[in-house]
Every structure is written in structure tokens, then in C-alpha cells.
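This is target39.csv (CSV, C-alpha atoms).
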chain,number,residue,atom,x,y,z
P,1,MET,CA,-6.7,-26.5,-6.2
P,2,ASP,CA,-6.7,-27.1,-2.4
P,3,PHE,CA,-9.1,-24.6,-0.9
P,4,THR,CA,-8.0,-25.4,2.7
P,5,LEU,CA,-4.3,-24.8,2.1
P,6,TYR,CA,-4.0,-21.2,3.1
P,7,TRP,CA,-6.4,-21.2,6.1
P,8,PHE,CA,-3.8,-19.5,8.3
P,9,MET,CA,-3.8,-16.4,6.1
P,10,PHE,CA,-7.2,-15.4,7.5
P,11,PRO,CA,-5.9,-14.2,10.9
P,12,VAL,CA,-2.6,-13.0,9.3
P,13,SER,CA,-4.7,-10.8,6.9
P,14,ILE,CA,-6.6,-9.2,9.7
P,15,VAL,CA,-3.4,-8.1,11.4
P,16,VAL,CA,-1.8,-6.9,8.1
P,17,ALA,CA,-4.8,-4.9,7.1
P,18,THR,CA,-5.1,-3.3,10.6
P,19,CYS,CA,-1.5,-2.2,10.4
P,20,ALA,CA,-1.9,-0.9,6.9
P,21,MET,CA,-5.0,1.2,7.9
P,22,LEU,CA,-3.2,2.6,10.9
P,23,SER,CA,-0.1,3.6,9.0
P,24,GLY,CA,-1.5,4.5,5.6
P,25,ILE,CA,0.9,2.1,3.8
P,26,GLY,CA,-0.3,-0.3,1.2
P,27,GLY,CA,-1.0,-3.8,2.6
P,28,ALA,CA,0.6,-5.3,-0.4
P,29,ALA,CA,3.9,-4.1,0.9
P,30,LEU,CA,3.6,-6.7,3.6
P,31,PHE,CA,1.6,-9.4,1.7
P,32,THR,CA,4.1,-9.6,-1.2
P,33,PRO,CA,7.0,-10.6,1.1
P,34,ILE,CA,4.8,-13.0,3.0
P,35,PHE,CA,3.9,-14.8,-0.3
P,36,ILE,CA,7.5,-14.8,-1.5
P,37,LEU,CA,9.5,-15.3,1.6
P,38,LEU,CA,7.2,-17.2,4.0
P,39,PHE,CA,5.4,-19.6,1.7
P,40,PRO,CA,8.5,-21.4,0.4
P,41,LEU,CA,9.5,-22.1,4.0
P,42,LEU,CA,6.2,-23.9,4.6
P,43,GLY,CA,6.6,-26.3,1.8
P,44,PRO,CA,6.6,-26.6,-2.0
P,45,GLU,CA,2.8,-26.9,-2.1
P,46,TYR,CA,2.5,-23.3,-0.7
P,47,VAL,CA,4.7,-21.6,-3.3
P,48,LEU,CA,2.7,-19.5,-5.8
P,49,ASN,CA,3.2,-20.1,-9.6
P,50,SER,CA,5.2,-16.9,-10.2
P,51,MET,CA,6.3,-13.5,-8.9
P,52,ILE,CA,3.4,-11.9,-11.0
P,53,ALA,CA,0.9,-14.2,-9.3
P,54,ALA,CA,2.2,-13.1,-5.9
P,55,ILE,CA,2.1,-9.5,-6.8
P,56,SER,CA,-1.4,-9.9,-8.3
P,57,ALA,CA,-2.7,-11.7,-5.2
P,58,ALA,CA,-1.2,-9.0,-2.9
P,59,LEU,CA,-2.8,-6.2,-4.9
P,60,ILE,CA,-6.2,-7.9,-5.1
P,61,THR,CA,-6.1,-8.5,-1.4
P,62,GLN,CA,-5.1,-4.9,-0.8
P,63,THR,CA,-8.0,-3.6,-2.9
P,64,PHE,CA,-10.5,-5.3,-0.7
P,65,GLY,CA,-8.7,-4.3,2.5
P,66,PHE,CA,-8.5,-0.7,1.5
P,67,PHE,CA,-12.1,-0.7,0.4
P,68,SER,CA,-13.1,-1.8,3.8
P,69,GLY,CA,-10.8,0.8,5.3
P,70,PHE,CA,-12.3,3.4,3.0
P,71,ILE,CA,-15.7,2.7,4.4
P,72,GLY,CA,-14.3,3.1,7.9
P,73,TYR,CA,-12.6,6.4,7.1
P,74,TYR,CA,-15.7,7.5,5.2
P,75,ARG,CA,-17.8,7.0,8.2
P,76,ARG,CA,-15.3,9.0,10.3
P,77,LYS,CA,-15.4,11.8,7.7
P,78,LEU,CA,-11.6,12.1,7.6
P,79,ILE,CA,-11.0,11.9,3.8
P,80,ASP,CA,-9.9,15.0,1.8
P,81,TYR,CA,-11.5,14.1,-1.5
P,82,ALA,CA,-10.2,17.1,-3.4
P,83,LEU,CA,-6.7,16.3,-2.5
P,84,ALA,CA,-7.1,12.6,-3.3
P,85,LYS,CA,-8.4,13.4,-6.8
P,86,ARG,CA,-5.4,15.6,-7.6
P,87,ILE,CA,-3.1,12.7,-6.7
P,88,MET,CA,-5.1,9.9,-8.5
P,89,ILE,CA,-5.1,11.8,-11.8
P,90,VAL,CA,-1.4,11.0,-12.0
P,91,ALA,CA,-1.3,7.7,-10.1
P,92,VAL,CA,-3.9,5.6,-11.9
P,93,PRO,CA,-2.6,5.6,-15.5
P,94,VAL,CA,1.0,5.3,-14.4
P,95,ALA,CA,0.2,2.3,-12.1
P,96,VAL,CA,-1.5,0.6,-15.1
P,97,ALA,CA,1.7,1.2,-17.1
P,98,GLY,CA,3.8,-0.4,-14.3
P,99,ALA,CA,1.5,-3.5,-14.3
P,100,LEU,CA,2.0,-3.9,-18.0
P,101,VAL,CA,5.7,-3.7,-17.7
P,102,ALA,CA,5.9,-6.2,-14.8
P,103,SER,CA,5.4,-9.2,-16.9
P,104,LEU,CA,8.3,-8.2,-19.2
P,105,VAL,CA,10.9,-7.9,-16.3
P,106,HIS,CA,12.9,-10.7,-14.8
P,107,GLU,CA,11.8,-11.8,-11.3
P,108,SER,CA,15.2,-10.9,-9.8
P,109,VAL,CA,14.8,-7.4,-11.1
P,110,LEU,CA,11.3,-7.2,-9.5
P,111,LEU,CA,12.6,-8.5,-6.2
P,112,ALA,CA,15.6,-6.1,-6.2
P,113,SER,CA,13.3,-3.2,-7.1
P,114,TYR,CA,11.1,-4.0,-4.2
P,115,ALA,CA,14.0,-4.3,-1.8
P,116,VAL,CA,15.5,-0.9,-2.9
P,117,LEU,CA,12.1,0.8,-2.7
P,118,VAL,CA,11.2,-0.4,0.8
P,119,ALA,CA,14.7,0.4,2.0
P,120,VAL,CA,14.3,4.0,0.8
P,121,LEU,CA,10.8,4.2,2.2
P,122,ALA,CA,12.1,2.9,5.6
P,123,VAL,CA,14.5,5.8,5.8
P,124,VAL,CA,11.9,8.3,4.7
P,125,MET,CA,9.3,7.0,7.3
P,126,TRP,CA,11.9,7.0,10.1
P,127,ARG,CA,13.0,10.5,9.4
P,128,ASN,CA,9.6,11.9,8.4
P,129,ARG,CA,8.3,14.5,10.8
P,130,PRO,CA,5.3,16.6,10.1
P,131,PRO,CA,6.1,20.4,10.1
P,132,ALA,CA,4.6,22.6,12.7
P,133,HIS,CA,1.1,23.4,11.6
P,134,THR,CA,-0.1,26.9,11.1
P,135,HIS,CA,-3.7,27.8,10.6
P,136,SER,CA,-3.2,31.1,8.8
P,137,GLY,CA,-3.6,31.1,5.1
P,138,THR,CA,-1.4,33.0,2.7
P,139,ARG,CA,-1.8,34.2,-0.9
P,140,ASP,CA,-0.5,30.8,-2.1
P,141,HIS,CA,-2.0,28.6,0.6
P,142,VAL,CA,-5.5,28.2,1.8
P,143,THR,CA,-6.6,26.4,4.9
P,144,ARG,CA,-9.0,23.5,5.0
P,145,THR,CA,-10.9,22.2,8.0
P,146,ILE,CA,-12.2,18.7,8.3
P,147,ILE,CA,-14.4,17.8,11.3
P,148,ASP,CA,-14.6,14.0,11.9
P,149,SER,CA,-17.6,12.1,13.1
P,150,ASN,CA,-16.3,12.4,16.7
P,151,GLY,CA,-16.3,16.2,16.4
P,152,HIS,CA,-12.5,16.5,16.3
P,153,ASP,CA,-11.3,19.5,14.2
P,154,TYR,CA,-8.4,19.1,11.7
P,155,THR,CA,-7.4,22.4,10.2
P,156,TYR,CA,-4.3,22.5,7.9
P,157,LEU,CA,-2.8,24.3,5.0
P,158,VAL,CA,-3.8,22.7,1.7
P,159,PRO,CA,-0.5,21.4,0.3
P,160,ARG,CA,0.7,22.5,-3.1
P,161,LEU,CA,1.5,19.6,-5.4
P,162,GLY,CA,4.1,20.8,-7.8
P,163,PRO,CA,6.2,18.9,-10.5
P,164,ARG,CA,8.4,17.2,-7.8
P,165,SER,CA,5.3,15.9,-5.9
P,166,PHE,CA,3.7,14.6,-9.1
P,167,ALA,CA,7.0,13.0,-10.1
P,168,LEU,CA,7.2,11.1,-6.8
P,169,THR,CA,3.6,10.1,-7.2
P,170,GLY,CA,4.3,8.7,-10.6
P,171,ILE,CA,7.3,6.7,-9.4
P,172,GLY,CA,5.3,5.3,-6.5
P,173,ALA,CA,2.4,4.4,-8.8
P,174,PHE,CA,4.6,2.8,-11.4
P,175,LEU,CA,6.3,0.7,-8.8
P,176,THR,CA,3.0,-0.3,-7.3
P,177,GLY,CA,1.9,-1.7,-10.6
P,178,MET,CA,5.2,-3.4,-11.1
P,179,VAL,CA,6.1,-4.7,-7.6
P,180,SER,CA,3.0,-4.0,-5.5
P,181,VAL,CA,4.4,-1.3,-3.3
P,182,GLY,CA,4.9,2.5,-3.6
P,183,ILE,CA,1.8,4.7,-4.0
P,184,GLY,CA,0.5,4.3,-0.4
P,185,GLU,CA,3.9,4.9,1.2
P,186,VAL,CA,4.8,7.8,-1.1
P,187,THR,CA,1.4,9.4,-0.5
P,188,ILE,CA,1.3,9.2,3.3
P,189,SER,CA,4.9,10.4,3.6
P,190,LYS,CA,4.3,13.3,1.2
P,191,LEU,CA,1.1,14.5,2.9
P,192,THR,CA,2.4,14.3,6.4
P,193,ARG,CA,5.6,16.0,5.5
P,194,LYS,CA,3.5,18.8,3.9
P,195,GLY,CA,1.6,19.3,7.2
P,196,VAL,CA,-1.6,17.3,6.6
P,197,PRO,CA,-2.7,15.8,10.0
P,198,VAL,CA,-1.8,12.1,10.2
P,199,ALA,CA,-5.4,11.0,10.5
P,200,VAL,CA,-6.5,12.9,7.4
P,201,ALA,CA,-3.3,11.9,5.5
P,202,ALA,CA,-3.9,8.2,6.3
P,203,ALA,CA,-7.6,8.4,5.3
P,204,THR,CA,-6.8,10.3,2.0
P,205,SER,CA,-4.0,7.8,1.3
P,206,VAL,CA,-6.4,4.9,1.6
P,207,LEU,CA,-8.7,6.4,-1.1
P,208,VAL,CA,-5.7,7.0,-3.4
P,209,VAL,CA,-4.4,3.5,-2.9
P,210,ILE,CA,-7.7,1.7,-3.4
P,211,VAL,CA,-8.4,3.4,-6.7
P,212,THR,CA,-4.9,3.1,-8.0
P,213,VAL,CA,-4.5,-0.6,-6.9
P,214,ALA,CA,-7.9,-1.6,-8.3
P,215,PHE,CA,-6.7,-0.6,-11.8
P,216,ALA,CA,-3.2,-2.1,-11.4
P,217,SER,CA,-4.5,-5.4,-10.0
P,218,THR,CA,-7.2,-5.7,-12.7
P,219,THR,CA,-4.4,-5.2,-15.3
P,220,LEU,CA,-2.3,-7.9,-13.8
P,221,VAL,CA,-5.1,-10.4,-13.4
P,222,VAL,CA,-6.2,-10.0,-17.0
P,223,GLN,CA,-2.6,-10.7,-18.0
P,224,LEU,CA,-2.4,-13.8,-15.8
P,225,ILE,CA,-5.7,-15.2,-17.1
P,226,LYS,CA,-4.7,-14.5,-20.7
P,227,GLU,CA,-1.4,-16.4,-20.3
P,228,GLY,CA,-2.4,-19.2,-17.9
P,229,GLY,CA,-6.2,-19.3,-17.7
P,230,TRP,CA,-8.4,-18.8,-14.6
P,231,THR,CA,-6.3,-21.3,-12.5
P,232,ALA,CA,-3.3,-19.0,-12.8
P,233,VAL,CA,-5.0,-16.8,-10.2
P,234,PRO,CA,-4.5,-18.2,-6.6
P,235,TRP,CA,-8.2,-18.2,-5.7
P,236,ASN,CA,-7.6,-20.6,-2.8
P,237,LEU,CA,-5.3,-18.0,-1.2
P,238,LEU,CA,-7.7,-15.1,-1.9
P,239,LEU,CA,-10.5,-17.1,-0.3
P,240,TYR,CA,-8.9,-16.4,3.1
P,241,ASP,CA,-7.1,-13.1,2.4
P,242,ILE,CA,-10.1,-11.1,1.3
P,243,PRO,CA,-12.4,-11.8,4.4
P,244,GLY,CA,-9.4,-11.1,6.7
P,245,VAL,CA,-8.6,-7.8,5.2
P,246,LEU,CA,-12.2,-6.8,5.2
P,247,ILE,CA,-12.2,-7.2,8.9
P,248,GLY,CA,-8.9,-5.6,9.5
P,249,GLY,CA,-9.9,-2.7,7.3
P,250,GLN,CA,-12.7,-1.9,9.8
P,251,ILE,CA,-10.4,-2.3,12.9
P,252,GLY,CA,-7.7,0.0,11.7
P,253,PRO,CA,-9.8,3.2,11.4
P,254,ARG,CA,-11.3,2.6,14.8
P,255,LEU,CA,-7.8,2.5,16.3
P,256,GLN,CA,-6.6,5.6,14.5
P,257,GLY,CA,-5.2,8.1,17.0
P,258,LYS,CA,-4.9,5.5,19.8
P,259,ILE,CA,-1.3,4.6,18.8
P,260,ALA,CA,1.3,7.3,18.6
P,261,PRO,CA,2.0,8.1,14.9
P,262,HIS,CA,5.8,8.2,15.4
P,263,ILE,CA,5.7,4.8,17.0
P,264,MET,CA,3.8,3.2,14.2
P,265,ARG,CA,5.9,5.0,11.6
P,266,ARG,CA,9.2,3.8,13.1
P,267,ALA,CA,7.9,0.2,13.6
P,268,ILE,CA,7.0,0.0,10.0
P,269,ALA,CA,10.4,1.5,9.0
P,270,VAL,CA,12.3,-1.2,10.9
P,271,LEU,CA,10.1,-3.9,9.4
P,272,PHE,CA,10.8,-2.5,5.9
P,273,ILE,CA,14.5,-2.6,6.4
P,274,LEU,CA,14.3,-6.3,7.4
P,275,LEU,CA,12.1,-7.0,4.4
P,276,ALA,CA,14.5,-5.2,2.1
P,277,ILE,CA,17.4,-7.3,3.3
P,278,ALA,CA,15.4,-10.5,2.9
P,279,MET,CA,14.0,-9.7,-0.5
P,280,LEU,CA,17.4,-8.6,-1.8
P,281,SER,CA,19.0,-11.9,-0.7
P,282,VAL,CA,16.3,-13.8,-2.6
P,283,ALA,CA,17.0,-11.7,-5.7
P,284,VAL,CA,20.7,-12.4,-5.5
P,285,LYS,CA,20.0,-16.2,-5.2
P,286,LYS,CA,17.8,-16.1,-8.3
P,287,LEU,CA,20.6,-14.4,-10.2
P,288,GLY,CA,23.0,-17.2,-9.0
P,289,ILE,CA,25.5,-14.7,-7.6
Give the structure from the file, written as C-alpha cells.
Amino acid sequence: MDFTLYWFMFPVSIVVATCAMLSGIGGAALFTPIFILLFPLLGPEYVLNSMIAAISAALITQTFGFFSGFIGYYRRKLIDYALAKRIMIVAVPVAVAGALVASLVHESVLLASYAVLVAVLAVVMWRNRPPAHTHSGTRDHVTRTIIDSNGHDYTYLVPRLGPRSFALTGIGAFLTGMVSVGIGEVTISKLTRKGVPVAVAAATSVLVVIVTVAFASTTLVVQLIKEGGWTAVPWNLLLYDIPGVLIGGQIGPRLQGKIAPHIMRRAIAVLFILLAIAMLSVAVKKLGI
């Protein structure tokens, strides 16, 4: 195993993690296509052993990046812990189920699933506009106020999470375990659409993602080691990814609020469309169509 092979992923990981922290999406949504689309272009020695290895590496990397981001948002006091707990109760077990299913599905199906999911998320992120906030509570709604470390006041109606919301969370979590993307994007879109301020929604999404992804990635790694031994895990890639995302995870929260949310959201949406097209083309090639 060549431990100098993926040196270039250190700066790339910093950029990816910074963008993930700013937007609230899962970093694996960007790492997975890098591993699958970019690495083969660099040469056969860069190609990972399997799609599962790529997904596992992306999720492990994301776990460390979001842990770093969690520390940043924790220091800024932006996380709504009660709201995150309600989401994680559904997300964690379903993500583990998705990870268990991933090894049973053909790679072309995984690629196509990723492509369809990010295409849908791109449309949602492009069209998603938070509703006008109102600070008055009702019988069914209560307000919550979070004051960050800079003294900024975020007051919003605590969103109700009904069956439809939990169903979307379940779908996002299952796909996260299976193709590495879903829970972060579903969570941030859902919370902002329900009126949670973008800064609070991104911070809360980070906590949901780190816990969900930690369980999903552990499940995938155990499967990899069980089937191919310790060398089945691309440690030489993680050697550079993990330090990079730890740094990017600290930069993102510090930049929160300095880039207009709608600009970041639409930039990610455009990128997702491009990734969906590229990943779908790879899936078609693997099927020999």
C-alpha cells in the first residue's frame, strides 16, 4: 500500500469539508464522485477496490469532517439538540440497514441511485426558500430562541415533524448507508423549508449527519474487513482525507453567514446536476448499455 499516492487529497479535503460545513450537506456527497469519477482518470493505481470501498472511505472521511464541524458549531452555540435528537431516532437505525443492503446491490444500481438522488436534491436545493419567519407561537407551535457565541439572536417556530418528515428522513438515512448521500441534504432542506434559520439548520444538520454516518460507516467497514481483511480499507487515502476534513470542518463554521445562503445553495445544486449526469453515465457503462 503506497502511502504517498493520495497526497493531493489533503487540500481537496479541506475545500470539500469547508463547503459541506457551509451548506449543511454531507461531504460524502462530494467525496464519493471524486473517488469514482476522478481517480480512474488519474491512472489504474488510483482506483479503489470497489464501490463499497469508495462509499466507506467517503463516509469515514465525512465522519471526521463533521466531528470537526460539530466542534465549531458547538463553540458557536448554534445547534438545536432537541430537534437533532428527534431526527436521529429515525435516521441512525435506518442508515445501518442501508449499509447492510449496500453490499448486496450491484454497483450500477448504487451509481444510478446516487445519480437520481442528487438530481432530486439539486432541484429541491435550487427551489428551496425558507418561509417568512414569525416569532409568535400558536397552540401547536412554540418558539425557540438560540443565541450564538457572537450574541446573534435566532428565534423561530419549532418545526413539527410528522409522518411525512420522518419518511423523508428514513429515505435519506437509508440512501446514506447505501450510497453515502442523503441524510444531510434531506435534513438541511427540510429544516430550512420549515423556517429554521439557515445557520441553526446547518449546525443541527451537522450533528444529525455525524451520528448517522458514524454508525453507517462503521457497519460498512466491518463488512469490508470481514470480506477482504484490513487491507480492504483504503488507509492510504484516509491518511490525507482525515486531516484535511478536520481543518475544513473548522473553517466552515467560521465562514457561516459570510456567504449568502441562496448563492451557496444554488452553487451546490448546479454541482449536483453535473455529478448526477456523470454518475449516471458511469452506471450505464457498467451495465454495458
Restricting the calculation to only C-alpha atoms: of P:Val198, P:Leu191, P:Leu220, P:Ala276, which residue gets closest to Ser113 of chain P?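 Ranked by minimum distance to Ser113 of chain P, first place goes to P:Ala276.
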Go through segment 141-247 of chain P residue by residue and, counting only C-alpha atoms, keep those with an atom at most 6 Å from segment 90-96 of chain P; for each kept residue give the shortest atom pair and its distance in Å to one decimal, ordered by chain and increasing number, as a tab-separated table.
residue	atom	partner	partner_atom	distance
P:Gly170	CA	P:Ala91	CA	5.7
P:Ala173	CA	P:Ala95	CA	4.5
P:Phe174	CA	P:Ala95	CA	4.5
P:Gly177	CA	P:Ala95	CA	4.6
P:Thr212	CA	P:Val92	CA	4.7
P:Ala216	CA	P:Val96	CA	4.9
Mind giving me the straight-line distance from atom CA of Val118 of chain P to atom CA of Ile225 of chain P in Å, one decimal?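 Rounded to one decimal, the two atoms are 28.7 Å apart.
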Between atom CA of Ala53 of chain P and atom CA of Gly184 of chain P, what is the spacing in Å? 20.5 Å
Residue neighbourhood segment 237-245 of chain P, 9 Å, only C-alpha atoms, exclusion window fewer than 4 positions, as a PDB file with C-alpha atoms, in the frame of the given file:
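Result went into part-v4.pdb, see below:
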ATOM      1  CA  PHE P   3      -9.100 -24.600  -0.900  1.00  0.00           C
ATOM      2  CA  THR P   4      -8.000 -25.400   2.700  1.00  0.00           C
ATOM      3  CA  LEU P   5      -4.300 -24.800   2.100  1.00  0.00           C
ATOM      4  CA  TYR P   6      -4.000 -21.200   3.100  1.00  0.00           C
ATOM      5  CA  TRP P   7      -6.400 -21.200   6.100  1.00  0.00           C
ATOM      6  CA  PHE P   8      -3.800 -19.500   8.300  1.00  0.00           C
ATOM      7  CA  MET P   9      -3.800 -16.400   6.100  1.00  0.00           C
ATOM      8  CA  PHE P  10      -7.200 -15.400   7.500  1.00  0.00           C
ATOM      9  CA  PRO P  11      -5.900 -14.200  10.900  1.00  0.00           C
ATOM     10  CA  VAL P  12      -2.600 -13.000   9.300  1.00  0.00           C
ATOM     11  CA  SER P  13      -4.700 -10.800   6.900  1.00  0.00           C
ATOM     12  CA  ILE P  14      -6.600  -9.200   9.700  1.00  0.00           C
ATOM     13  CA  VAL P  15      -3.400  -8.100  11.400  1.00  0.00           C
ATOM     14  CA  VAL P  16      -1.800  -6.900   8.100  1.00  0.00           C
ATOM     15  CA  ALA P  17      -4.800  -4.900   7.100  1.00  0.00           C
ATOM     16  CA  THR P  18      -5.100  -3.300  10.600  1.00  0.00           C
ATOM     17  CA  GLY P  27      -1.000  -3.800   2.600  1.00  0.00           C
ATOM     18  CA  ALA P  57      -2.700 -11.700  -5.200  1.00  0.00           C
ATOM     19  CA  ALA P  58      -1.200  -9.000  -2.900  1.00  0.00           C
ATOM     20  CA  ILE P  60      -6.200  -7.900  -5.100  1.00  0.00           C
ATOM     21  CA  THR P  61      -6.100  -8.500  -1.400  1.00  0.00           C
ATOM     22  CA  GLN P  62      -5.100  -4.900  -0.800  1.00  0.00           C
ATOM     23  CA  THR P  63      -8.000  -3.600  -2.900  1.00  0.00           C
ATOM     24  CA  PHE P  64     -10.500  -5.300  -0.700  1.00  0.00           C
ATOM     25  CA  GLY P  65      -8.700  -4.300   2.500  1.00  0.00           C
ATOM     26  CA  PHE P  66      -8.500  -0.700   1.500  1.00  0.00           C
ATOM     27  CA  SER P  68     -13.100  -1.800   3.800  1.00  0.00           C
ATOM     28  CA  GLY P  69     -10.800   0.800   5.300  1.00  0.00           C
ATOM     29  CA  VAL P 233      -5.000 -16.800 -10.200  1.00  0.00           C
ATOM     30  CA  GLY P 249      -9.900  -2.700   7.300  1.00  0.00           C
ATOM     31  CA  GLN P 250     -12.700  -1.900   9.800  1.00  0.00           C
TER      32      GLN P 250
END
Taking into account all atoms listed in the file, which residue in the set P:Ala269, P:Leu42, P:Met21, P:Leu111 is nearest to Pro253 of chain P?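 Checking each candidate against Pro253 of chain P, we get P:Met21 as the closest.
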Selected residue, from P:Ile210, P:Leu224, P:Met279, P:Ala97, that lies nearest to Thr32 of chain P when counting all atoms listed in the file: P:Met279
So, with all atoms listed in the file as the atoms that count, which of P:Arg76, P:Glu45, P:Met1, P:Met125 lies closest to Ile273 of chain P? P:Met125
Could you jot down the atom CA of Val47 of chain P to atom CA of Phe35 of chain P separation for me, Å, one decimal place?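 About the pair atom CA of Val47 of chain P and atom CA of Phe35 of chain P: they are 7.5 Å apart.
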For Tyr46 of chain P, which residue out of P:Ile188, P:Ile34, P:Val124, P:Cys19 is the nearest one, using only C-alpha atoms?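 Answer, going by the shortest atom-to-atom distance: P:Ile34.
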Looking at all atoms listed in the file, which of P:Leu78, P:Met178, P:Leu271, P:Val211 is the one that sits closest to Asn150 of chain P?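 Using all atoms listed in the file, the shortest distance to Asn150 of chain P belongs to P:Leu78.
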Once you count only C-alpha atoms, which residues end up no further than 8 Å from (4.8, 8.4, -7.0) in the file's frame, shown as a list in words? Ala91, Ser165, Phe166, Ala167, Leu168, Thr169, Gly170, Ile171, Gly172, Ala173, Phe174, Gly182, Ile183, Val186 and Thr187 of chain P
Write a file for segment 89-111 of chain P, containing C-alpha atoms (output as an mmCIF file, in the first residue's frame).
data_model
loop_
_atom_site.group_PDB
_atom_site.id
_atom_site.type_symbol
_atom_site.label_atom_id
_atom_site.label_comp_id
_atom_site.auth_asym_id
_atom_site.auth_seq_id
_atom_site.Cartn_x
_atom_site.Cartn_y
_atom_site.Cartn_z
ATOM 1 C CA ILE P 89 -34.005 8.423 16.438
ATOM 2 C CA VAL P 90 -35.192 7.547 12.933
ATOM 3 C CA ALA P 91 -32.020 8.195 10.951
ATOM 4 C CA VAL P 92 -29.481 6.009 12.769
ATOM 5 C CA PRO P 93 -31.138 2.554 12.587
ATOM 6 C CA VAL P 94 -32.320 3.108 9.019
ATOM 7 C CA ALA P 95 -28.808 4.183 7.893
ATOM 8 C CA VAL P 96 -27.365 0.968 9.355
ATOM 9 C CA ALA P 97 -29.964 -1.008 7.388
ATOM 10 C CA GLY P 98 -28.933 0.820 4.210
ATOM 11 C CA ALA P 99 -25.268 -0.025 4.826
ATOM 12 C CA LEU P 100 -26.133 -3.704 5.231
ATOM 13 C CA VAL P 101 -28.072 -3.682 1.961
ATOM 14 C CA ALA P 102 -25.292 -1.896 0.002
ATOM 15 C CA SER P 103 -23.087 -4.984 -0.311
ATOM 16 C CA LEU P 104 -25.985 -6.953 -1.806
ATOM 17 C CA VAL P 105 -26.710 -4.472 -4.614
ATOM 18 C CA HIS P 106 -24.940 -4.309 -7.998
ATOM 19 C CA GLU P 107 -22.573 -1.360 -8.417
ATOM 20 C CA SER P 108 -24.551 0.012 -11.365
ATOM 21 C CA VAL P 109 -27.650 0.192 -9.169
ATOM 22 C CA LEU P 110 -25.699 2.055 -6.485
ATOM 23 C CA LEU P 111 -24.372 4.513 -9.059
#
